[in-house]
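Report on the structure given below.
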Amino acid sequence: MSGGGAPSPIKLRPIDDIEKQMNRKQQMEYERLQNKLSHANKGVSAAMSGNGVKTELIKQAGKLGELAPKVQGYLKEVTLIGQAGGVFSAGLSAYGAYNYYSNGGKNADVFFKASLDAAFGLVGTFGGPVGLGISAAYFILDASTGGFGGFGAIK
């Protein structure tokens with residue numbers, strides 16, 4: 001060490017920058033996943049609502065007279081598809097909340113809103129025509145108010 005000076009300190013700034021970039025990348029990936037979950041849940045919920053209305057109309061028509069065997073078979077199949085979709089949609093709500101909390105989220109409203117979404121989805125799936133109406137009213141109100149003004153929104 002000629003020159004008598006102390007060695008220059010190691011600068012950690014580039015490592016900090018890499019860490020920040022990784023955190024930004026992870027945050028962007030997290031936000032993309034949450035966005036996909038939200039869109040998938042809305043799509044499944046809308047499709048299952050339509051399926052539920054159709055199924056209930058066919059059931060009501062069956063009360064007026066005998067349904068053909070093919071229609072009865074079709075009704076059983078679409079009912080099972082609707083039930084599977086309702087359970088899947090509730091699972092998406094639960095997974096969205098789980099993903100939020102496992103990534104450091106702390107807002108308790110997220111759990112409450114995800115629980116409401118799952119509960120009303122299951123009411124619509126298994127609650128017959130009345131449950132379908134209640135569920136549809138909840139989700140229409142949810143969509144028309146921007147998620148109840150952003151209550152429990154995952155950010």
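Ligands are numbered from 1 in the order shown, chains are lettered A, B, ... in the order of the structure tokens, and residues start at 1 in each chain.
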
For Lys76 (chain A), find every residue with an atom within 10 Å (counting only C-alpha atoms), except residues of its own chain fewer than 6 positions away, and show them as a compact mmCIF listing (two decimals) with N, CA and C atoms, in the first residue's frame.
```
# COMPACT_ATOMS: atom_id res chain seq x y z
N THR A 55 -80.42 -22.47 -15.51
CA THR A 55 -80.79 -23.70 -14.82
C THR A 55 -82.11 -23.54 -14.07
N LYS A 70 -83.47 -36.01 -22.31
CA LYS A 70 -82.23 -35.30 -22.67
C LYS A 70 -82.11 -33.98 -21.91
N GLY A 82 -72.25 -25.69 -12.65
CA GLY A 82 -72.49 -24.47 -11.87
C GLY A 82 -71.98 -24.59 -10.45
```

Spatial neighbours of region 138-152 of chain A, 10 Å, only C-alpha atoms, chain gap at least 3 places, as a list in words: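 Answer for this query is Lys42, Ser45, Ala46, Ser49, Ala97, Asn107, Ala108, Asp109, Val110, Phe111, Phe112, Lys113, Ala114, Leu116, Asp117, Phe120, Gly121, Gly124, Leu132, Gly133, Ile134, Ser135 and Lys155 of chain A.
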
For a test of reading the model, state the distance in Å between CA of Gly91 (chain A) and CA of Thr125 (chain A), rounded to one decimal. 13.2 Å

Enumerate, as a compact mmCIF listing (two decimals) with N, CA and C atoms, in the first residue's frame, the complete set of residues in chain A that a backbone-based DSSP assignment places in alpha helix (DSSP H).
```txt
# COMPACT_ATOMS: atom_id res chain seq x y z
N ARG A 13 -23.96 0.33 -2.77
CA ARG A 13 -25.08 0.91 -3.51
C ARG A 13 -25.57 0.01 -4.66
N PRO A 14 -24.68 -0.57 -5.49
CA PRO A 14 -25.20 -1.42 -6.56
C PRO A 14 -26.00 -2.61 -6.04
N ILE A 15 -25.60 -3.19 -4.93
CA ILE A 15 -26.34 -4.31 -4.36
C ILE A 15 -27.71 -3.83 -3.90
N ASP A 16 -27.75 -2.66 -3.25
CA ASP A 16 -29.03 -2.11 -2.83
C ASP A 16 -29.94 -1.87 -4.03
N ASP A 17 -29.37 -1.36 -5.11
CA ASP A 17 -30.16 -1.12 -6.32
C ASP A 17 -30.71 -2.43 -6.89
N ILE A 18 -29.89 -3.47 -6.89
CA ILE A 18 -30.34 -4.77 -7.39
C ILE A 18 -31.48 -5.29 -6.51
N GLU A 19 -31.33 -5.12 -5.20
CA GLU A 19 -32.37 -5.56 -4.27
C GLU A 19 -33.67 -4.80 -4.53
N LYS A 20 -33.56 -3.48 -4.74
CA LYS A 20 -34.75 -2.69 -5.02
C LYS A 20 -35.40 -3.14 -6.33
N GLN A 21 -34.57 -3.43 -7.34
CA GLN A 21 -35.11 -3.90 -8.62
C GLN A 21 -35.82 -5.24 -8.44
N MET A 22 -35.23 -6.12 -7.64
CA MET A 22 -35.86 -7.41 -7.39
C MET A 22 -37.18 -7.22 -6.66
N ASN A 23 -37.20 -6.31 -5.68
CA ASN A 23 -38.43 -6.05 -4.95
C ASN A 23 -39.49 -5.47 -5.88
N ARG A 24 -39.10 -4.57 -6.78
CA ARG A 24 -40.05 -4.01 -7.75
C ARG A 24 -40.57 -5.10 -8.66
N LYS A 25 -39.68 -5.99 -9.10
CA LYS A 25 -40.08 -7.07 -9.99
C LYS A 25 -41.05 -8.01 -9.27
N GLN A 26 -40.75 -8.34 -8.01
CA GLN A 26 -41.64 -9.19 -7.23
C GLN A 26 -42.99 -8.50 -7.02
N GLN A 27 -42.97 -7.20 -6.75
CA GLN A 27 -44.20 -6.45 -6.55
C GLN A 27 -45.03 -6.44 -7.83
N MET A 28 -44.38 -6.25 -8.96
CA MET A 28 -45.11 -6.24 -10.24
C MET A 28 -45.71 -7.62 -10.51
N GLU A 29 -44.95 -8.67 -10.21
CA GLU A 29 -45.45 -10.03 -10.42
C GLU A 29 -46.64 -10.30 -9.50
N TYR A 30 -46.54 -9.86 -8.27
CA TYR A 30 -47.63 -10.01 -7.31
C TYR A 30 -48.88 -9.28 -7.82
N GLU A 31 -48.71 -8.04 -8.27
CA GLU A 31 -49.84 -7.25 -8.76
C GLU A 31 -50.46 -7.89 -10.00
N ARG A 32 -49.63 -8.45 -10.87
CA ARG A 32 -50.16 -9.15 -12.06
C ARG A 32 -50.99 -10.35 -11.65
N LEU A 33 -50.51 -11.12 -10.69
CA LEU A 33 -51.24 -12.30 -10.21
C LEU A 33 -52.56 -11.89 -9.59
N GLN A 34 -52.54 -10.85 -8.74
CA GLN A 34 -53.78 -10.39 -8.11
C GLN A 34 -54.78 -9.92 -9.17
N ASN A 35 -54.30 -9.23 -10.19
CA ASN A 35 -55.16 -8.75 -11.27
C ASN A 35 -55.78 -9.92 -12.03
N LYS A 36 -54.96 -10.94 -12.33
CA LYS A 36 -55.47 -12.12 -13.03
C LYS A 36 -56.51 -12.85 -12.18
N LEU A 37 -56.24 -12.98 -10.88
CA LEU A 37 -57.19 -13.64 -9.98
C LEU A 37 -58.51 -12.88 -9.94
N SER A 38 -58.43 -11.57 -9.87
CA SER A 38 -59.63 -10.76 -9.82
C SER A 38 -60.45 -10.90 -11.10
N HIS A 39 -59.79 -10.84 -12.25
CA HIS A 39 -60.49 -10.98 -13.53
C HIS A 39 -61.08 -12.38 -13.68
N ALA A 40 -60.31 -13.39 -13.30
CA ALA A 40 -60.80 -14.76 -13.40
C ALA A 40 -62.02 -14.96 -12.51
N ASN A 41 -61.96 -14.41 -11.30
CA ASN A 41 -63.07 -14.55 -10.37
C ASN A 41 -64.32 -13.87 -10.91
N LYS A 42 -64.17 -12.67 -11.46
CA LYS A 42 -65.32 -11.97 -12.03
C LYS A 42 -65.90 -12.74 -13.22
N GLY A 43 -65.03 -13.28 -14.05
CA GLY A 43 -65.49 -14.05 -15.21
C GLY A 43 -66.23 -15.31 -14.80
N VAL A 44 -65.66 -16.05 -13.86
CA VAL A 44 -66.30 -17.28 -13.39
C VAL A 44 -67.63 -16.94 -12.73
N SER A 45 -67.65 -15.89 -11.91
CA SER A 45 -68.89 -15.50 -11.22
C SER A 45 -69.97 -15.10 -12.22
N ALA A 46 -69.60 -14.34 -13.24
CA ALA A 46 -70.58 -13.93 -14.24
C ALA A 46 -71.11 -15.14 -15.02
N ALA A 47 -70.21 -16.03 -15.40
CA ALA A 47 -70.63 -17.22 -16.15
C ALA A 47 -71.53 -18.10 -15.30
N MET A 48 -71.20 -18.24 -14.03
CA MET A 48 -72.00 -19.10 -13.15
C MET A 48 -73.34 -18.45 -12.84
N SER A 49 -73.40 -17.12 -12.79
CA SER A 49 -74.69 -16.45 -12.59
C SER A 49 -75.60 -16.71 -13.78
N GLY A 50 -75.05 -16.55 -14.98
CA GLY A 50 -75.83 -16.85 -16.18
C GLY A 50 -76.28 -18.30 -16.22
N ASN A 51 -75.37 -19.19 -15.86
CA ASN A 51 -75.70 -20.61 -15.81
C ASN A 51 -76.79 -20.88 -14.77
N GLY A 52 -76.71 -20.21 -13.65
CA GLY A 52 -77.72 -20.39 -12.60
C GLY A 52 -79.10 -19.93 -13.03
N VAL A 53 -79.15 -18.78 -13.70
CA VAL A 53 -80.43 -18.28 -14.19
C VAL A 53 -81.03 -19.27 -15.18
N LYS A 54 -80.22 -19.72 -16.11
CA LYS A 54 -80.69 -20.68 -17.12
C LYS A 54 -81.18 -21.97 -16.47
N THR A 55 -80.42 -22.47 -15.51
CA THR A 55 -80.79 -23.70 -14.82
C THR A 55 -82.11 -23.54 -14.07
N GLU A 56 -82.26 -22.43 -13.38
CA GLU A 56 -83.50 -22.19 -12.64
C GLU A 56 -84.70 -22.06 -13.58
N LEU A 57 -84.51 -21.41 -14.72
CA LEU A 57 -85.60 -21.30 -15.69
C LEU A 57 -86.02 -22.67 -16.21
N ILE A 58 -85.05 -23.52 -16.48
CA ILE A 58 -85.38 -24.87 -16.95
C ILE A 58 -86.10 -25.65 -15.85
N LYS A 59 -85.64 -25.51 -14.61
CA LYS A 59 -86.30 -26.20 -13.49
C LYS A 59 -87.75 -25.73 -13.34
N GLN A 60 -87.95 -24.43 -13.47
CA GLN A 60 -89.32 -23.90 -13.36
C GLN A 60 -90.19 -24.41 -14.51
N ALA A 61 -89.61 -24.50 -15.70
CA ALA A 61 -90.36 -25.04 -16.84
C ALA A 61 -90.73 -26.49 -16.59
N GLY A 62 -89.86 -27.23 -15.91
CA GLY A 62 -90.13 -28.62 -15.58
C GLY A 62 -91.29 -28.77 -14.62
N LYS A 63 -91.57 -27.76 -13.84
CA LYS A 63 -92.71 -27.82 -12.92
C LYS A 63 -94.04 -27.71 -13.67
N LEU A 64 -93.99 -27.11 -14.86
CA LEU A 64 -95.20 -26.96 -15.67
C LEU A 64 -95.54 -28.24 -16.43
N PRO A 69 -86.09 -36.57 -21.38
CA PRO A 69 -84.92 -37.17 -20.73
C PRO A 69 -83.61 -36.47 -21.07
N LYS A 70 -83.47 -36.01 -22.31
CA LYS A 70 -82.23 -35.30 -22.67
C LYS A 70 -82.11 -33.98 -21.91
N VAL A 71 -83.23 -33.31 -21.74
CA VAL A 71 -83.22 -32.04 -21.01
C VAL A 71 -82.91 -32.30 -19.53
N GLN A 72 -83.45 -33.37 -18.97
CA GLN A 72 -83.16 -33.73 -17.59
C GLN A 72 -81.67 -34.02 -17.40
N GLY A 73 -81.09 -34.76 -18.35
CA GLY A 73 -79.65 -35.04 -18.29
C GLY A 73 -78.83 -33.77 -18.40
N TYR A 74 -79.24 -32.89 -19.33
CA TYR A 74 -78.55 -31.61 -19.51
C TYR A 74 -78.63 -30.79 -18.23
N LEU A 75 -79.81 -30.77 -17.61
CA LEU A 75 -80.01 -30.00 -16.39
C LEU A 75 -79.09 -30.49 -15.27
N LYS A 76 -78.95 -31.80 -15.14
CA LYS A 76 -78.04 -32.35 -14.12
C LYS A 76 -76.60 -31.93 -14.40
N GLU A 77 -76.20 -31.98 -15.67
CA GLU A 77 -74.81 -31.62 -16.02
C GLU A 77 -74.53 -30.16 -15.76
N VAL A 78 -75.42 -29.27 -16.20
CA VAL A 78 -75.14 -27.84 -16.00
C VAL A 78 -75.25 -27.47 -14.52
N THR A 79 -76.06 -28.18 -13.76
CA THR A 79 -76.12 -27.94 -12.32
C THR A 79 -74.78 -28.28 -11.67
N LEU A 80 -74.22 -29.42 -12.05
CA LEU A 80 -72.91 -29.81 -11.51
C LEU A 80 -71.82 -28.84 -11.94
N ILE A 81 -71.87 -28.40 -13.20
CA ILE A 81 -70.89 -27.42 -13.68
C ILE A 81 -71.02 -26.12 -12.89
N GLY A 82 -72.25 -25.69 -12.65
CA GLY A 82 -72.49 -24.47 -11.87
C GLY A 82 -71.98 -24.59 -10.45
N GLN A 83 -72.21 -25.75 -9.84
CA GLN A 83 -71.73 -25.94 -8.47
C GLN A 83 -70.20 -25.94 -8.43
N ALA A 84 -69.58 -26.60 -9.40
CA ALA A 84 -68.11 -26.61 -9.45
C ALA A 84 -67.58 -25.20 -9.66
N GLY A 85 -68.23 -24.44 -10.54
CA GLY A 85 -67.81 -23.06 -10.77
C GLY A 85 -67.96 -22.19 -9.54
N GLY A 86 -69.05 -22.38 -8.79
CA GLY A 86 -69.26 -21.61 -7.57
C GLY A 86 -68.20 -21.91 -6.53
N VAL A 87 -67.86 -23.17 -6.37
CA VAL A 87 -66.82 -23.55 -5.42
C VAL A 87 -65.46 -23.01 -5.89
N PHE A 88 -65.20 -23.09 -7.20
CA PHE A 88 -63.95 -22.57 -7.77
C PHE A 88 -63.84 -21.06 -7.52
N SER A 89 -64.94 -20.34 -7.74
CA SER A 89 -64.94 -18.89 -7.53
C SER A 89 -64.67 -18.55 -6.06
N ALA A 90 -65.29 -19.29 -5.15
CA ALA A 90 -65.03 -19.07 -3.71
C ALA A 90 -63.56 -19.35 -3.40
N GLY A 91 -63.02 -20.37 -4.03
CA GLY A 91 -61.60 -20.69 -3.85
C GLY A 91 -60.69 -19.59 -4.36
N LEU A 92 -61.07 -18.97 -5.49
CA LEU A 92 -60.28 -17.85 -6.02
C LEU A 92 -60.29 -16.68 -5.04
N SER A 93 -61.43 -16.41 -4.43
CA SER A 93 -61.51 -15.33 -3.44
C SER A 93 -60.60 -15.63 -2.25
N ALA A 94 -60.67 -16.85 -1.78
CA ALA A 94 -59.84 -17.25 -0.64
C ALA A 94 -58.36 -17.19 -1.01
N TYR A 95 -58.00 -17.65 -2.20
CA TYR A 95 -56.60 -17.63 -2.60
C TYR A 95 -56.09 -16.20 -2.77
N GLY A 96 -56.92 -15.32 -3.29
CA GLY A 96 -56.51 -13.92 -3.43
C GLY A 96 -56.18 -13.31 -2.07
N ALA A 97 -57.01 -13.59 -1.07
CA ALA A 97 -56.74 -13.08 0.29
C ALA A 97 -55.49 -13.73 0.87
N TYR A 98 -55.35 -15.05 0.68
CA TYR A 98 -54.17 -15.76 1.18
C TYR A 98 -52.90 -15.17 0.55
N ASN A 99 -52.93 -14.95 -0.75
CA ASN A 99 -51.77 -14.39 -1.46
C ASN A 99 -51.45 -12.99 -0.93
N TYR A 100 -52.48 -12.20 -0.67
CA TYR A 100 -52.28 -10.85 -0.13
C TYR A 100 -51.57 -10.90 1.22
N TYR A 101 -52.07 -11.74 2.12
CA TYR A 101 -51.48 -11.80 3.47
C TYR A 101 -50.11 -12.47 3.47
N SER A 102 -49.88 -13.45 2.60
CA SER A 102 -48.56 -14.07 2.60
C SER A 102 -47.51 -13.18 1.96
N ALA A 108 -57.20 -5.79 7.35
CA ALA A 108 -58.19 -6.81 7.74
C ALA A 108 -59.42 -6.78 6.84
N ASP A 109 -59.68 -5.64 6.20
CA ASP A 109 -60.84 -5.54 5.31
C ASP A 109 -60.74 -6.50 4.13
N VAL A 110 -59.51 -6.84 3.72
CA VAL A 110 -59.32 -7.76 2.60
C VAL A 110 -59.91 -9.13 2.94
N PHE A 111 -59.66 -9.59 4.14
CA PHE A 111 -60.22 -10.88 4.58
C PHE A 111 -61.74 -10.82 4.61
N PHE A 112 -62.28 -9.73 5.15
CA PHE A 112 -63.73 -9.59 5.26
C PHE A 112 -64.38 -9.57 3.88
N LYS A 113 -63.81 -8.79 2.94
CA LYS A 113 -64.38 -8.69 1.59
C LYS A 113 -64.26 -10.02 0.86
N ALA A 114 -63.12 -10.70 0.98
CA ALA A 114 -62.96 -12.01 0.33
C ALA A 114 -63.96 -13.01 0.91
N SER A 115 -64.20 -12.93 2.21
CA SER A 115 -65.17 -13.82 2.85
C SER A 115 -66.58 -13.53 2.34
N LEU A 116 -66.92 -12.24 2.21
CA LEU A 116 -68.23 -11.88 1.67
C LEU A 116 -68.39 -12.40 0.24
N ASP A 117 -67.37 -12.19 -0.59
CA ASP A 117 -67.44 -12.65 -1.98
C ASP A 117 -67.64 -14.17 -2.04
N ALA A 118 -66.88 -14.88 -1.25
CA ALA A 118 -66.98 -16.35 -1.24
C ALA A 118 -68.35 -16.78 -0.74
N ALA A 119 -68.82 -16.16 0.35
CA ALA A 119 -70.10 -16.54 0.93
C ALA A 119 -71.26 -16.27 -0.03
N PHE A 120 -71.28 -15.08 -0.64
CA PHE A 120 -72.37 -14.77 -1.57
C PHE A 120 -72.28 -15.61 -2.84
N GLY A 121 -71.08 -15.97 -3.24
CA GLY A 121 -70.93 -16.88 -4.38
C GLY A 121 -71.52 -18.24 -4.07
N LEU A 122 -71.27 -18.75 -2.88
CA LEU A 122 -71.81 -20.06 -2.48
C LEU A 122 -73.32 -20.01 -2.25
N VAL A 123 -73.81 -18.88 -1.73
CA VAL A 123 -75.26 -18.71 -1.58
C VAL A 123 -75.93 -18.78 -2.95
N GLY A 124 -75.34 -18.12 -3.93
CA GLY A 124 -75.88 -18.16 -5.29
C GLY A 124 -75.80 -19.54 -5.90
N THR A 125 -74.78 -20.29 -5.54
CA THR A 125 -74.58 -21.62 -6.11
C THR A 125 -75.52 -22.65 -5.51
N PHE A 126 -75.70 -22.61 -4.22
CA PHE A 126 -76.46 -23.67 -3.54
C PHE A 126 -77.77 -23.19 -2.94
N GLY A 128 -80.58 -22.04 -4.40
CA GLY A 128 -81.79 -22.08 -5.22
C GLY A 128 -82.08 -20.71 -5.82
N PRO A 129 -83.33 -20.50 -6.28
CA PRO A 129 -83.65 -19.24 -6.94
C PRO A 129 -83.51 -18.02 -6.03
N VAL A 130 -83.86 -18.16 -4.75
CA VAL A 130 -83.74 -17.03 -3.83
C VAL A 130 -82.27 -16.71 -3.60
N GLY A 131 -81.45 -17.72 -3.36
CA GLY A 131 -80.02 -17.51 -3.18
C GLY A 131 -79.37 -16.91 -4.41
N LEU A 132 -79.82 -17.35 -5.58
CA LEU A 132 -79.29 -16.79 -6.83
C LEU A 132 -79.61 -15.31 -6.92
N GLY A 133 -80.83 -14.94 -6.56
CA GLY A 133 -81.22 -13.52 -6.59
C GLY A 133 -80.43 -12.68 -5.61
N ILE A 134 -80.26 -13.20 -4.40
CA ILE A 134 -79.48 -12.48 -3.38
C ILE A 134 -78.03 -12.32 -3.83
N SER A 135 -77.45 -13.39 -4.34
CA SER A 135 -76.07 -13.36 -4.81
C SER A 135 -75.91 -12.39 -5.98
N ALA A 136 -76.83 -12.47 -6.93
CA ALA A 136 -76.76 -11.58 -8.09
C ALA A 136 -76.84 -10.13 -7.66
N ALA A 137 -77.75 -9.82 -6.72
CA ALA A 137 -77.87 -8.44 -6.23
C ALA A 137 -76.57 -7.98 -5.58
N TYR A 138 -75.95 -8.84 -4.78
CA TYR A 138 -74.68 -8.48 -4.13
C TYR A 138 -73.61 -8.18 -5.17
N PHE A 139 -73.44 -9.07 -6.16
CA PHE A 139 -72.36 -8.89 -7.13
C PHE A 139 -72.65 -7.74 -8.10
N ILE A 140 -73.91 -7.49 -8.42
CA ILE A 140 -74.23 -6.32 -9.25
C ILE A 140 -73.91 -5.04 -8.49
N LEU A 141 -74.28 -5.00 -7.21
CA LEU A 141 -73.97 -3.84 -6.38
C LEU A 141 -72.45 -3.68 -6.23
N ASP A 142 -71.77 -4.78 -6.04
CA ASP A 142 -70.30 -4.76 -5.92
C ASP A 142 -69.67 -4.17 -7.18
N ALA A 143 -70.12 -4.65 -8.33
CA ALA A 143 -69.54 -4.17 -9.60
C ALA A 143 -69.91 -2.72 -9.89
N SER A 144 -71.13 -2.33 -9.56
CA SER A 144 -71.58 -0.98 -9.89
C SER A 144 -71.02 0.09 -8.96
N GLY A 146 -67.84 -0.12 -7.77
CA GLY A 146 -66.37 -0.24 -7.77
C GLY A 146 -65.89 -1.01 -6.56
N GLY A 147 -66.54 -2.11 -6.27
CA GLY A 147 -66.15 -2.92 -5.10
C GLY A 147 -66.49 -2.23 -3.81
N PHE A 148 -67.72 -1.68 -3.74
CA PHE A 148 -68.18 -0.96 -2.56
C PHE A 148 -67.22 0.16 -2.20
N GLY A 149 -66.83 0.92 -3.21
CA GLY A 149 -65.94 2.05 -3.00
C GLY A 149 -64.51 1.65 -2.67
N GLY A 150 -64.13 0.44 -3.08
CA GLY A 150 -62.77 -0.02 -2.83
C GLY A 150 -62.60 -0.72 -1.50
```
